[in-house]
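Enquirer: This is the content of model-v1.csv (CSV, C-alpha atoms and all ligand atoms):
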```
chain,number,residue,atom,x,y,z
A,1,MET,CA,116.2,74.4,47.7
A,2,ASP,CA,117.9,77.6,46.6
A,3,TYR,CA,119.2,80.6,48.5
A,4,ALA,CA,116.6,83.2,47.4
A,5,GLY,CA,113.7,80.7,47.7
A,6,TYR,CA,114.7,79.5,51.2
A,7,LEU,CA,115.0,83.1,52.5
A,8,LYS,CA,112.0,84.3,50.5
A,9,LEU,CA,114.1,87.2,49.3
A,10,ARG,CA,111.8,88.3,46.5
A,11,GLU,CA,109.1,88.9,49.1
A,12,LEU,CA,111.4,90.3,51.7
A,13,LEU,CA,113.1,92.8,49.4
A,14,SER,CA,109.8,94.0,48.0
A,15,LEU,CA,108.7,95.3,51.4
A,16,GLN,CA,110.5,98.6,51.5
A,17,THR,CA,108.0,101.0,50.2
A,18,MET,CA,109.0,104.7,50.5
A,19,GLU,CA,106.0,106.9,51.2
A,20,SER,CA,107.9,109.9,49.8
A,21,ALA,CA,108.4,108.1,46.5
A,22,LYS,CA,104.7,107.1,46.4
A,23,ARG,CA,103.9,110.9,46.5
A,24,GLY,CA,106.4,111.6,43.7
A,25,LYS,CA,109.1,113.3,45.9
A,26,PRO,CA,111.5,110.5,46.8
A,27,ALA,CA,113.5,111.3,50.0
A,28,HIS,CA,116.8,109.4,49.7
A,29,ASP,CA,117.1,108.6,53.5
A,30,GLU,CA,113.7,107.2,53.9
A,31,MET,CA,115.1,103.8,52.6
A,32,LEU,CA,117.6,103.7,55.5
A,33,PHE,CA,114.8,104.6,57.9
A,34,ILE,CA,112.6,101.7,56.7
A,35,VAL,CA,115.4,99.1,56.5
A,36,ILE,CA,116.7,100.0,60.0
A,37,HIS,CA,113.2,99.7,61.5
A,38,GLN,CA,112.5,96.4,59.7
A,39,ALA,CA,115.9,95.0,60.8
A,40,TYR,CA,114.9,96.0,64.4
A,41,GLU,CA,111.6,94.1,64.1
A,42,LEU,CA,113.4,91.0,62.8
A,43,TRP,CA,115.8,91.1,65.7
A,44,PHE,CA,112.9,91.5,68.1
A,45,LYS,CA,111.5,88.4,66.5
A,46,GLN,CA,114.7,86.5,67.3
A,47,ILE,CA,114.7,87.8,70.9
A,48,HIS,CA,111.2,86.5,71.4
A,49,HIS,CA,112.3,83.2,70.0
A,50,GLU,CA,115.1,83.0,72.6
A,51,LEU,CA,112.6,84.1,75.3
A,52,ASP,CA,110.3,81.2,74.4
A,53,LEU,CA,113.1,78.8,75.2
A,54,ILE,CA,114.0,80.7,78.5
A,55,GLN,CA,110.4,80.9,79.6
A,56,ASP,CA,109.8,77.3,78.8
A,57,THR,CA,112.8,76.4,81.1
A,58,PHE,CA,111.6,78.5,84.0
A,59,GLY,CA,107.8,78.1,83.5
A,60,GLY,CA,107.3,74.8,85.3
A,61,ASP,CA,107.4,73.8,89.0
A,62,ARG,CA,111.0,72.9,88.7
A,63,VAL,CA,113.9,74.0,86.5
A,64,ASN,CA,115.6,71.1,84.8
A,65,ASP,CA,119.4,71.4,85.6
A,66,ALA,CA,120.3,70.2,82.1
A,67,LYS,CA,118.2,72.9,80.5
A,68,LEU,CA,119.5,75.7,82.7
A,69,GLY,CA,122.8,76.1,80.8
A,70,ARG,CA,120.9,76.4,77.5
A,71,ALA,CA,118.7,79.1,79.0
A,72,VAL,CA,121.7,81.0,80.1
A,73,HIS,CA,123.2,80.7,76.6
A,74,ALA,CA,119.9,82.1,75.1
A,75,ALA,CA,119.9,85.0,77.6
A,76,GLU,CA,123.5,85.8,76.6
A,77,ARG,CA,122.5,85.7,73.0
A,78,ILE,CA,119.8,88.3,73.7
A,79,VAL,CA,122.4,90.6,75.2
A,80,LYS,CA,124.5,90.3,72.0
A,81,ILE,CA,121.5,91.1,69.8
A,82,GLU,CA,120.7,94.1,72.0
A,83,GLN,CA,124.2,95.4,71.6
A,84,LEU,CA,123.8,95.2,67.9
A,85,LEU,CA,120.5,97.1,68.2
A,86,VAL,CA,122.4,99.9,70.1
A,87,ASP,CA,125.0,100.0,67.3
A,88,GLN,CA,122.4,100.3,64.6
A,89,ILE,CA,121.7,103.8,66.1
A,90,ASP,CA,125.1,104.9,64.8
A,91,ILE,CA,124.0,104.0,61.3
A,92,LEU,CA,120.7,105.8,61.6
A,93,GLU,CA,122.5,108.9,62.9
A,94,THR,CA,124.3,109.2,59.6
A,95,MET,CA,120.9,110.7,58.5
A,96,THR,CA,120.9,114.4,59.4
A,97,PRO,CA,117.8,116.0,61.0
A,98,MET,CA,117.1,117.9,57.8
A,99,ASP,CA,117.2,114.7,55.7
A,100,PHE,CA,114.7,113.3,58.2
A,101,LEU,CA,112.4,116.3,57.8
A,102,GLU,CA,112.2,115.5,54.1
A,103,PHE,CA,109.8,112.7,55.0
A,104,ARG,CA,108.9,113.0,58.7
A,105,ASP,CA,105.5,114.6,58.2
A,106,LEU,CA,104.4,111.6,56.1
A,107,LEU,CA,104.7,109.4,59.1
A,108,PHE,CA,102.1,111.1,61.4
A,109,PRO,CA,100.6,109.6,63.6
A,110,ALA,CA,102.7,106.4,63.2
A,111,SER,CA,105.4,105.9,65.9
A,112,GLY,CA,107.6,103.5,67.8
A,113,PHE,CA,104.8,103.5,70.4
A,114,GLN,CA,103.0,101.1,68.0
A,115,SER,CA,105.7,98.5,68.0
A,116,GLU,CA,103.9,95.4,69.4
A,117,GLN,CA,107.0,93.3,69.6
A,118,PHE,CA,108.8,96.0,71.7
A,119,ARG,CA,105.9,96.2,74.1
A,120,LEU,CA,105.7,92.4,74.3
A,121,LEU,CA,109.5,92.3,75.1
A,122,GLU,CA,109.1,94.8,78.0
A,123,ILE,CA,106.1,92.8,79.4
A,124,ARG,CA,107.8,89.4,79.0
A,125,LEU,CA,110.9,90.6,80.8
A,126,GLY,CA,108.8,91.8,83.7
A,127,LEU,CA,107.9,95.5,83.2
A,128,THR,CA,104.4,95.9,84.8
A,129,ARG,CA,101.7,98.4,83.9
A,130,ASP,CA,101.8,100.2,87.3
A,131,ALA,CA,105.6,100.7,87.0
A,132,ARG,CA,105.3,102.6,83.7
A,133,LEU,CA,105.7,106.3,83.5
A,134,PRO,CA,102.4,108.2,82.9
A,135,PHE,CA,102.2,109.4,79.3
A,136,ASN,CA,99.7,112.1,78.3
A,137,GLU,CA,97.2,110.7,80.8
A,138,ALA,CA,96.6,107.9,78.2
A,139,SER,CA,97.3,104.3,78.9
A,140,TYR,CA,100.5,103.1,77.2
A,141,ASP,CA,98.6,100.6,75.0
A,142,ALA,CA,96.1,103.2,73.7
A,143,SER,CA,98.1,103.9,70.6
A,144,LEU,CA,98.4,100.2,69.5
A,145,LEU,CA,96.2,98.9,66.7
A,146,PRO,CA,93.4,96.6,67.9
A,147,GLU,CA,95.1,93.3,67.1
A,148,ALA,CA,98.4,94.3,68.7
A,149,ARG,CA,96.6,95.7,71.7
A,150,LYS,CA,94.8,92.4,72.2
A,151,ASN,CA,98.1,90.5,72.1
A,152,VAL,CA,99.7,92.9,74.5
A,153,LEU,CA,96.9,92.7,77.0
A,154,ALA,CA,97.0,88.9,76.8
A,155,ALA,CA,100.7,88.9,77.5
A,156,GLU,CA,100.1,91.0,80.6
A,157,GLY,CA,97.9,88.2,81.9
A,158,ARG,CA,100.7,85.6,81.6
A,159,PRO,CA,103.6,85.1,84.0
A,160,SER,CA,106.6,87.3,83.0
A,161,LEU,CA,110.2,86.0,83.1
A,162,ARG,CA,110.7,88.0,86.3
A,163,THR,CA,107.8,86.2,88.0
A,164,GLN,CA,109.2,82.9,86.9
A,165,VAL,CA,112.7,83.7,88.0
A,166,ASN,CA,111.3,84.9,91.3
A,167,ALA,CA,109.6,81.5,91.9
A,168,TRP,CA,112.8,79.7,90.8
A,169,LEU,CA,115.0,81.7,93.3
A,170,GLU,CA,112.5,81.0,96.1
A,171,ARG,CA,113.2,77.3,95.6
A,172,THR,CA,117.0,77.7,95.8
A,173,PRO,CA,118.4,75.0,98.1
A,174,PHE,CA,121.2,75.8,100.6
A,175,VAL,CA,119.9,79.2,101.7
A,176,HIS,CA,117.9,78.0,104.7
A,177,ARG,CA,118.8,74.6,106.2
A,178,ASP,CA,118.9,73.0,109.7
A,179,ASP,CA,122.7,73.2,109.7
A,180,PHE,CA,123.0,76.7,108.1
A,181,ASP,CA,120.8,79.8,107.8
A,182,PHE,CA,122.4,82.1,105.3
A,183,THR,CA,120.7,85.4,106.3
A,184,GLU,CA,121.5,84.9,110.0
A,185,ALA,CA,125.2,84.1,109.2
A,186,PHE,CA,125.5,87.0,106.9
A,187,ARG,CA,123.9,89.6,109.1
A,188,GLY,CA,127.1,90.1,111.2
A,189,SER,CA,129.3,90.4,108.1
A,190,LEU,CA,127.0,93.0,106.6
A,191,ASN,CA,126.9,95.0,109.9
A,192,ASP,CA,130.8,95.0,109.9
A,193,MET,CA,130.8,96.2,106.3
A,194,LEU,CA,128.3,99.0,107.0
A,195,VAL,CA,130.3,100.1,110.1
A,196,ARG,CA,133.5,100.2,107.9
A,197,GLU,CA,131.6,102.3,105.2
A,198,ARG,CA,130.4,104.7,107.8
A,199,ALA,CA,134.0,105.1,109.2
A,200,HIS,CA,135.2,105.8,105.6
A,201,ILE,CA,132.6,108.6,105.2
A,202,GLU,CA,133.3,110.1,108.6
A,203,ARG,CA,137.1,110.2,108.0
A,204,HIS,CA,136.8,111.5,104.4
A,205,ALA,CA,139.0,114.6,104.2
A,206,LEU,CA,137.2,116.1,101.1
A,207,LEU,CA,133.6,115.9,102.4
A,208,SER,CA,131.9,118.7,104.4
A,209,GLN,CA,129.9,117.8,107.4
A,210,SER,CA,126.6,118.3,105.5
A,211,GLU,CA,127.8,116.1,102.7
A,212,LYS,CA,128.8,113.4,105.2
A,213,ASP,CA,125.3,113.6,106.8
A,214,VAL,CA,123.7,113.0,103.3
A,215,GLN,CA,126.0,110.0,102.7
A,216,ILE,CA,125.4,108.6,106.1
A,217,ALA,CA,121.6,108.9,105.6
A,218,SER,CA,122.0,107.0,102.3
A,219,LEU,CA,124.0,104.3,104.1
A,220,GLU,CA,121.3,104.0,106.7
A,221,ARG,CA,118.7,103.6,104.0
A,222,SER,CA,120.8,100.7,102.6
A,223,HIS,CA,120.8,99.2,106.1
A,224,LYS,CA,117.0,99.4,106.2
A,225,MET,CA,116.8,97.8,102.8
A,226,PHE,CA,118.8,94.9,104.1
A,227,ASP,CA,116.5,94.7,107.2
A,228,GLY,CA,113.8,94.0,104.6
A,229,LEU,CA,115.6,90.8,103.7
A,230,LEU,CA,115.5,89.6,107.3
A,231,ASP,CA,112.1,90.7,108.6
A,232,ASP,CA,108.6,90.3,107.1
A,233,GLN,CA,107.2,93.6,108.3
A,234,ALA,CA,110.2,95.6,107.3
A,235,TYR,CA,110.0,93.9,103.9
A,236,ALA,CA,106.3,94.6,103.4
A,237,LYS,CA,106.9,98.3,104.1
A,238,LEU,CA,109.8,98.5,101.6
A,239,ARG,CA,107.8,96.6,99.0
A,240,ALA,CA,104.8,99.0,99.4
A,241,GLU,CA,107.3,101.9,98.8
A,242,GLY,CA,108.5,100.2,95.6
A,243,ALA,CA,112.0,99.6,97.0
A,244,TRP,CA,111.8,95.8,96.2
A,245,THR,CA,109.8,93.9,93.6
A,246,PHE,CA,111.2,90.4,94.1
A,247,SER,CA,109.9,88.4,97.1
A,248,ARG,CA,112.0,88.4,100.3
A,249,ARG,CA,112.9,84.7,99.9
A,250,ALA,CA,113.9,85.3,96.3
A,251,LEU,CA,116.1,88.3,97.2
A,252,GLN,CA,117.9,86.2,99.9
A,253,ALA,CA,118.6,83.5,97.4
A,254,ALA,CA,119.9,86.0,94.8
A,255,LEU,CA,122.2,87.5,97.3
A,256,PHE,CA,123.4,84.0,98.3
A,257,LEU,CA,124.1,83.1,94.6
A,258,PHE,CA,126.0,86.4,94.1
A,259,LEU,CA,128.2,85.8,97.2
A,260,TYR,CA,128.8,82.1,96.9
A,261,ARG,CA,129.0,82.0,93.1
A,262,ASP,CA,132.4,80.2,93.3
A,263,GLU,CA,130.7,77.1,94.7
A,264,PRO,CA,130.0,74.8,91.7
A,265,ALA,CA,126.3,74.4,92.4
A,266,ALA,CA,125.9,78.2,92.3
A,267,HIS,CA,127.6,78.7,88.9
A,268,ALA,CA,124.6,78.4,86.6
A,269,GLY,CA,122.3,80.3,88.9
A,270,PHE,CA,124.7,83.2,89.1
A,271,SER,CA,125.3,83.2,85.3
A,272,MET,CA,121.5,83.4,84.8
A,273,LEU,CA,121.2,86.4,87.2
A,274,LYS,CA,124.2,88.1,85.5
A,275,ALA,CA,122.6,87.6,82.1
A,276,LEU,CA,119.3,89.1,83.3
A,277,MET,CA,121.2,92.2,84.5
A,278,ASP,CA,123.0,92.4,81.2
A,279,ILE,CA,119.7,92.2,79.3
A,280,ASP,CA,118.2,94.9,81.5
A,281,GLU,CA,121.3,97.2,81.4
A,282,THR,CA,121.7,96.9,77.6
A,283,LEU,CA,118.0,97.7,77.0
A,284,ALA,CA,118.5,100.8,79.2
A,285,ILE,CA,121.5,101.8,77.1
A,286,TRP,CA,119.4,101.4,74.0
A,287,ARG,CA,116.7,103.6,75.5
A,288,LEU,CA,119.2,106.2,76.4
A,289,ARG,CA,120.9,106.1,72.9
A,290,HIS,CA,117.5,106.3,71.2
A,291,ALA,CA,116.5,109.3,73.4
A,292,LEU,CA,119.7,111.1,72.6
A,293,MET,CA,119.2,110.4,68.9
A,294,VAL,CA,115.6,111.8,69.2
A,295,ALA,CA,117.0,114.9,70.8
A,296,ARG,CA,119.4,115.4,67.9
A,297,MET,CA,116.7,114.7,65.3
A,298,LEU,CA,113.8,116.6,66.8
A,299,GLY,CA,115.2,119.0,69.4
A,300,ARG,CA,112.2,119.9,71.5
A,301,LYS,CA,109.6,118.9,68.9
A,302,VAL,CA,106.9,116.4,70.1
A,303,GLY,CA,107.0,112.9,68.7
A,304,THR,CA,104.8,111.6,65.9
A,305,GLY,CA,103.1,109.5,68.6
A,306,GLY,CA,102.3,112.6,70.6
A,307,SER,CA,104.8,112.2,73.6
A,308,SER,CA,107.1,114.9,74.9
A,309,GLY,CA,109.8,113.1,72.9
A,310,TYR,CA,113.3,113.3,74.5
A,311,ASP,CA,112.1,114.0,78.1
A,312,TYR,CA,109.8,111.0,78.2
A,313,LEU,CA,112.2,108.6,76.5
A,314,ARG,CA,115.1,109.8,78.7
A,315,ALA,CA,113.1,109.0,81.8
A,316,THR,CA,112.2,105.5,80.6
A,317,ALA,CA,116.0,104.6,80.6
A,318,ASP,CA,115.9,105.0,84.4
A,319,LYS,CA,112.3,103.9,85.2
A,320,HIS,CA,111.5,101.1,82.8
A,321,ARG,CA,113.7,98.5,84.3
A,322,ALA,CA,112.6,95.0,85.2
A,323,TYR,CA,115.6,93.8,87.3
A,324,ASN,CA,116.5,96.8,89.5
A,325,ASP,CA,116.4,94.5,92.5
A,326,LEU,CA,119.4,92.6,91.2
A,327,PHE,CA,121.3,95.9,90.9
A,328,ALA,CA,120.2,97.0,94.4
A,329,ILE,CA,121.6,93.8,95.9
A,330,ALA,CA,125.2,95.0,94.9
A,331,THR,CA,124.9,97.3,97.9
A,332,PHE,CA,125.2,94.2,100.2
A,333,LEU,CA,128.2,92.6,98.5
A,334,ILE,CA,131.3,92.2,100.6
A,335,PRO,CA,134.8,90.9,99.7
A,336,ARG,CA,135.2,87.2,99.5
A,337,SER,CA,137.6,87.3,102.4
A,338,ALA,CA,134.9,88.6,104.7
A,339,LEU,CA,132.3,86.0,103.7
A,340,PRO,CA,130.9,83.8,106.5
A,341,PRO,CA,132.4,80.4,105.8
A,342,LEU,CA,129.9,77.7,104.7
A,343,PRO,CA,129.7,74.7,107.0
A,344,GLU,CA,131.5,71.7,105.5
A,345,SER,CA,128.1,69.9,105.0
A,346,VAL,CA,126.9,72.7,102.8
A,347,ARG,CA,130.1,73.0,100.9
A,348,ARG,CA,130.1,69.3,100.2
A,349,ASP,CA,126.5,69.5,98.9
A,350,MET,CA,127.5,72.3,96.6
A,351,ARG,CA,130.4,70.5,95.0
A,352,PHE,CA,130.3,68.3,91.9
A,353,GLY,CA,130.0,64.7,93.0
A,354,TYR,CA,132.9,63.4,91.0
A,355,GLU,CA,135.5,65.7,92.6
A,356,GLY,CA,138.6,63.7,93.7
B,401,LIG,C1,114.9,109.2,63.2
B,401,LIG,C2,114.8,108.2,64.1
B,401,LIG,C3,113.8,108.1,65.2
B,401,LIG,C4,113.1,109.1,65.8
B,401,LIG,C5,113.1,110.6,65.5
B,401,LIG,C6,112.3,108.5,66.8
B,401,LIG,C7,111.4,109.2,67.7
B,401,LIG,C8,110.7,108.6,68.6
B,401,LIG,C9,109.8,109.3,69.6
B,401,LIG,C10,109.7,110.8,69.6
B,401,LIG,C11,109.3,108.4,70.4
B,401,LIG,C12,108.3,108.7,71.5
B,401,LIG,C13,106.9,108.4,71.0
B,401,LIG,C14,106.3,109.5,70.1
B,401,LIG,O1,105.9,110.5,70.7
B,401,LIG,O2,106.4,109.2,68.9
B,401,LIG,C15,109.7,107.1,70.0
B,401,LIG,C16,109.4,106.0,70.6
B,401,LIG,C17,109.9,104.8,70.3
B,401,LIG,N1,110.7,104.5,69.2
B,401,LIG,FE1,111.6,105.8,68.0
B,401,LIG,N2,112.5,107.2,66.8
B,401,LIG,C18,113.4,106.9,65.8
B,401,LIG,C19,113.9,105.6,65.5
B,401,LIG,C20,113.5,104.5,66.1
B,401,LIG,C21,114.0,103.2,65.7
B,401,LIG,C22,115.1,102.8,64.7
B,401,LIG,C23,113.4,102.3,66.5
B,401,LIG,C24,113.6,100.8,66.4
B,401,LIG,C25,112.6,99.9,66.6
B,401,LIG,C26,112.5,103.0,67.4
B,401,LIG,C27,111.7,102.4,68.3
B,401,LIG,C28,110.9,103.1,69.2
B,401,LIG,C29,110.1,102.5,70.3
B,401,LIG,C30,110.1,101.0,70.6
B,401,LIG,C31,109.5,103.5,70.9
B,401,LIG,C32,108.6,103.4,72.2
B,401,LIG,C33,109.6,103.6,73.4
B,401,LIG,C34,108.9,103.7,74.7
B,401,LIG,O3,107.7,104.0,74.8
B,401,LIG,O4,109.6,103.4,75.7
B,401,LIG,N3,112.6,104.3,67.1
B,401,LIG,N4,110.6,107.3,68.9
```
Could you rewrite the structure in this file as structure tokens?
Expert:
Amino acid sequence: MDYAGYLKLRELLSLQTMESAKRGKPAHDEMLFIVIHQAYELWFKQIHHELDLIQDTFGGDRVNDAKLGRAVHAAERIVKIEQLLVDQIDILETMTPMDFLEFRDLLFPASGFQSEQFRLLEIRLGLTRDARLPFNEASYDASLLPEARKNVLAAEGRPSLRTQVNAWLERTPFVHRDDFDFTEAFRGSLNDMLVRERAHIERHALLSQSEKDVQIASLERSHKMFDGLLDDQAYAKLRAEGAWTFSRRALQAALFLFLYRDEPAAHAGFSMLKALMDIDETLAIWRLRHALMVARMLGRKVGTGGSSGYDYLRATADKHRAYNDLFAIATFLIPRSALPPLPESVRRDMRFGYEG
């Protein structure tokens, strides 16, 4: 075994072919452009490797406790990789728009739209076809090459991590028991919180009456979203409007885990939900940074893949999110001191058995 042989460096380092050099006009910055893109694809490969482990853990009828910690660790690793992917944009931005123009025309019609691993990442995390922004009236997979398209369509037919996490949350113990029904217990605390929030708005010295009306309407919408957690019909209506994507039972469990995360049995579940939010948020940060870089490189020019460029990419940072529900739940968080106390029987079941 030797270093170069193990890492197949001869092959790896021979894969950076500059189109501009092939045409006899080498553009210095094309090397950076290729290396950065290849590095991205390698890190995407590692993210998929971590997702294999996570989806294996969540894929069955039950999640093995012993494996849950490892899955959380893999999810946290994905977040660190995503942060690195965001930072790589700083390096690419050392290339000025005019340096980019030296070779940009040679790339048509190739584009990031054709990254199979990126599309697979979105799909595996839980972004569905119907939640995607329309793009030039073409379906998002139209620009993929046949082999990549086949793989992407196959991935759409398999359960995403979001679907698996939804099923796992639905099975969370402690939420509905004979001696304790979390949502019933919580309803009163939430109402108190909403009454307090309303009083804050009404008393606010800097808000005009019309601004207060807008904020109170938004508070009432939040109230309605919470009703969706308690009532089947209210939930069905909100789901049809796209307000919730997780099931009602899964949302109740997620809220329970956020609120009672100090109880030992809730630690790992809470950490997993937090890691999913971090993955989703860091990907949104990447989308935003990429969009801003595109604006700086191209201004209002269309992309090599034919999109509107900045406007489309900027909108994906808001819309192409897989775990919005977990963020929306924050609306219903209340201070620890206002939490309905768990009955002793539930607290006992949520403790580690060896506690003195
Ligand atoms: C000079 C640098 C870059 C420019 C000007 C640029 C430009 C664009 C544009 C305009 C699009 C929209 C599709 C189109 O019409 O072509 C796009 C999409 C995309 N780019 Fe880039 N890009 C750059 C660097 C990168 C890098 C380093 C990556 C890393 C993999 C990347 C990944 C992607 C992906 C995954 C998409 C699809 C995004 C989506 O549909 O949500 N781009 N890029």
Enquirer: Here's a test: counting all atoms listed in the file, identify every protein, DNA and RNA residue with an atom at most 9 Å from (125.1, 73.8, 86.5) in the file's coordinate frame, and state them as number ranges by chain.
Expert: A: 65-66, 68-69, 264-269
Enquirer: Kindly assemble as a Markdown table a list of the chain A residues that lie within 8 Å of ligand LIG 401 (chain B), each paired with its nearest atom pair and their distance in Å to one decimal, using only C-alpha atoms and all ligand atoms, sorted first by chain and then by ascending residue number.
Expert:
```
| residue | atom | partner | partner_atom | distance |
| --- | --- | --- | --- | --- |
| A:Phe33 | CA | B:LIG401 | C1 | 7.0 |
| A:Ile36 | CA | B:LIG401 | C22 | 5.7 |
| A:His37 | CA | B:LIG401 | C22 | 4.8 |
| A:Gln38 | CA | B:LIG401 | C25 | 7.7 |
| A:Tyr40 | CA | B:LIG401 | C25 | 5.0 |
| A:Glu41 | CA | B:LIG401 | C25 | 6.4 |
| A:Gln88 | CA | B:LIG401 | C22 | 7.7 |
| A:Ile89 | CA | B:LIG401 | C22 | 6.8 |
| A:Leu92 | CA | B:LIG401 | C2 | 6.8 |
| A:Glu93 | CA | B:LIG401 | C1 | 7.6 |
| A:Met95 | CA | B:LIG401 | C1 | 7.8 |
| A:Pro97 | CA | B:LIG401 | C1 | 7.7 |
| A:Phe100 | CA | B:LIG401 | C1 | 6.5 |
| A:Pro109 | CA | B:LIG401 | O2 | 7.9 |
| A:Ala110 | CA | B:LIG401 | O2 | 7.3 |
| A:Ser111 | CA | B:LIG401 | O2 | 4.6 |
| A:Gly112 | CA | B:LIG401 | N1 | 3.5 |
| A:Phe113 | CA | B:LIG401 | C32 | 4.2 |
| A:Gln114 | CA | B:LIG401 | C32 | 7.4 |
| A:Ser115 | CA | B:LIG401 | C30 | 5.7 |
| A:Phe118 | CA | B:LIG401 | C30 | 5.3 |
| A:Arg119 | CA | B:LIG401 | C30 | 7.3 |
| A:Tyr140 | CA | B:LIG401 | O3 | 7.6 |
| A:Arg287 | CA | B:LIG401 | O4 | 7.1 |
| A:His290 | CA | B:LIG401 | N3 | 6.7 |
| A:Ala291 | CA | B:LIG401 | C8 | 7.6 |
| A:Met293 | CA | B:LIG401 | C2 | 6.9 |
| A:Val294 | CA | B:LIG401 | C5 | 4.6 |
| A:Ala295 | CA | B:LIG401 | C5 | 7.9 |
| A:Met297 | CA | B:LIG401 | C5 | 5.5 |
| A:Leu298 | CA | B:LIG401 | C5 | 6.2 |
| A:Val302 | CA | B:LIG401 | O1 | 6.0 |
| A:Gly303 | CA | B:LIG401 | O1 | 3.3 |
| A:Thr304 | CA | B:LIG401 | O2 | 4.2 |
| A:Gly305 | CA | B:LIG401 | O2 | 3.3 |
| A:Gly306 | CA | B:LIG401 | O1 | 4.2 |
| A:Ser307 | CA | B:LIG401 | O1 | 3.5 |
| A:Ser308 | CA | B:LIG401 | O1 | 6.2 |
| A:Gly309 | CA | B:LIG401 | C10 | 4.0 |
| A:Tyr310 | CA | B:LIG401 | C10 | 6.6 |
| A:Tyr312 | CA | B:LIG401 | C12 | 7.2 |
| A:Leu313 | CA | B:LIG401 | O4 | 5.9 |
| A:Thr316 | CA | B:LIG401 | O4 | 5.9 |
| A:His320 | CA | B:LIG401 | O4 | 7.7 |
```
Enquirer: How would the residues just picked look written out with C-alpha atoms as a compact mmCIF listing (two decimals), in the coordinates of the input?
Expert:
```txt
# COMPACT_ATOMS: atom_id res chain seq x y z
CA PHE A 33 114.80 104.60 57.90
CA ILE A 36 116.70 100.00 60.00
CA HIS A 37 113.20 99.70 61.50
CA GLN A 38 112.50 96.40 59.70
CA TYR A 40 114.90 96.00 64.40
CA GLU A 41 111.60 94.10 64.10
CA GLN A 88 122.40 100.30 64.60
CA ILE A 89 121.70 103.80 66.10
CA LEU A 92 120.70 105.80 61.60
CA GLU A 93 122.50 108.90 62.90
CA MET A 95 120.90 110.70 58.50
CA PRO A 97 117.80 116.00 61.00
CA PHE A 100 114.70 113.30 58.20
CA PRO A 109 100.60 109.60 63.60
CA ALA A 110 102.70 106.40 63.20
CA SER A 111 105.40 105.90 65.90
CA GLY A 112 107.60 103.50 67.80
CA PHE A 113 104.80 103.50 70.40
CA GLN A 114 103.00 101.10 68.00
CA SER A 115 105.70 98.50 68.00
CA PHE A 118 108.80 96.00 71.70
CA ARG A 119 105.90 96.20 74.10
CA TYR A 140 100.50 103.10 77.20
CA ARG A 287 116.70 103.60 75.50
CA HIS A 290 117.50 106.30 71.20
CA ALA A 291 116.50 109.30 73.40
CA MET A 293 119.20 110.40 68.90
CA VAL A 294 115.60 111.80 69.20
CA ALA A 295 117.00 114.90 70.80
CA MET A 297 116.70 114.70 65.30
CA LEU A 298 113.80 116.60 66.80
CA VAL A 302 106.90 116.40 70.10
CA GLY A 303 107.00 112.90 68.70
CA THR A 304 104.80 111.60 65.90
CA GLY A 305 103.10 109.50 68.60
CA GLY A 306 102.30 112.60 70.60
CA SER A 307 104.80 112.20 73.60
CA SER A 308 107.10 114.90 74.90
CA GLY A 309 109.80 113.10 72.90
CA TYR A 310 113.30 113.30 74.50
CA TYR A 312 109.80 111.00 78.20
CA LEU A 313 112.20 108.60 76.50
CA THR A 316 112.20 105.50 80.60
CA HIS A 320 111.50 101.10 82.80
```
Enquirer: Can you find the residues with an atom no farther than 12 Å from (119.0, 79.6, 100.5), counting all atoms listed in the file, and report them as JSON, numbers by chain?
Expert: {"A": [168, 169, 170, 171, 172, 173, 174, 175, 176, 177, 178, 179, 180, 181, 182, 183, 184, 185, 186, 248, 249, 250, 251, 252, 253, 254, 255, 256, 257, 258, 259, 260, 266, 342, 346, 350]}
Enquirer: Between atom CA of A:Asp318 and atom CA of A:Ala284, what is the spacing in Å?
Expert: 7.2 Å
Enquirer: Which of these residues is nearest to A:Asp280, using only C-alpha atoms: A:Leu194, A:Leu145, A:Ala74, A:Ala322?
Expert: A:Ala322
Enquirer: Counting only C-alpha atoms, which of A:Ala330, A:Val214, A:Ala338, A:Ala71 gets nearest to A:Leu53?
Expert: A:Ala71
Enquirer: Atom CA of A:Ile81 and atom CA of A:Arg124, how far apart in Å?
Expert: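 Between atom CA of A:Arg124 and atom CA of A:Ile81 the gap is 16.6 Å.
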Enquirer: Once 5 Å is added on each side, what centre and edge lengths in Å to one decimal does the axis-aligned box around all listed atoms of stretch 111-119 of chain A have, as AutoDock Vina command-line options?
Expert:
```
--center_x 105.9 --center_y 99.6 --center_z 70.0 --size_x 15.8 --size_y 22.6 --size_z 18.2
```
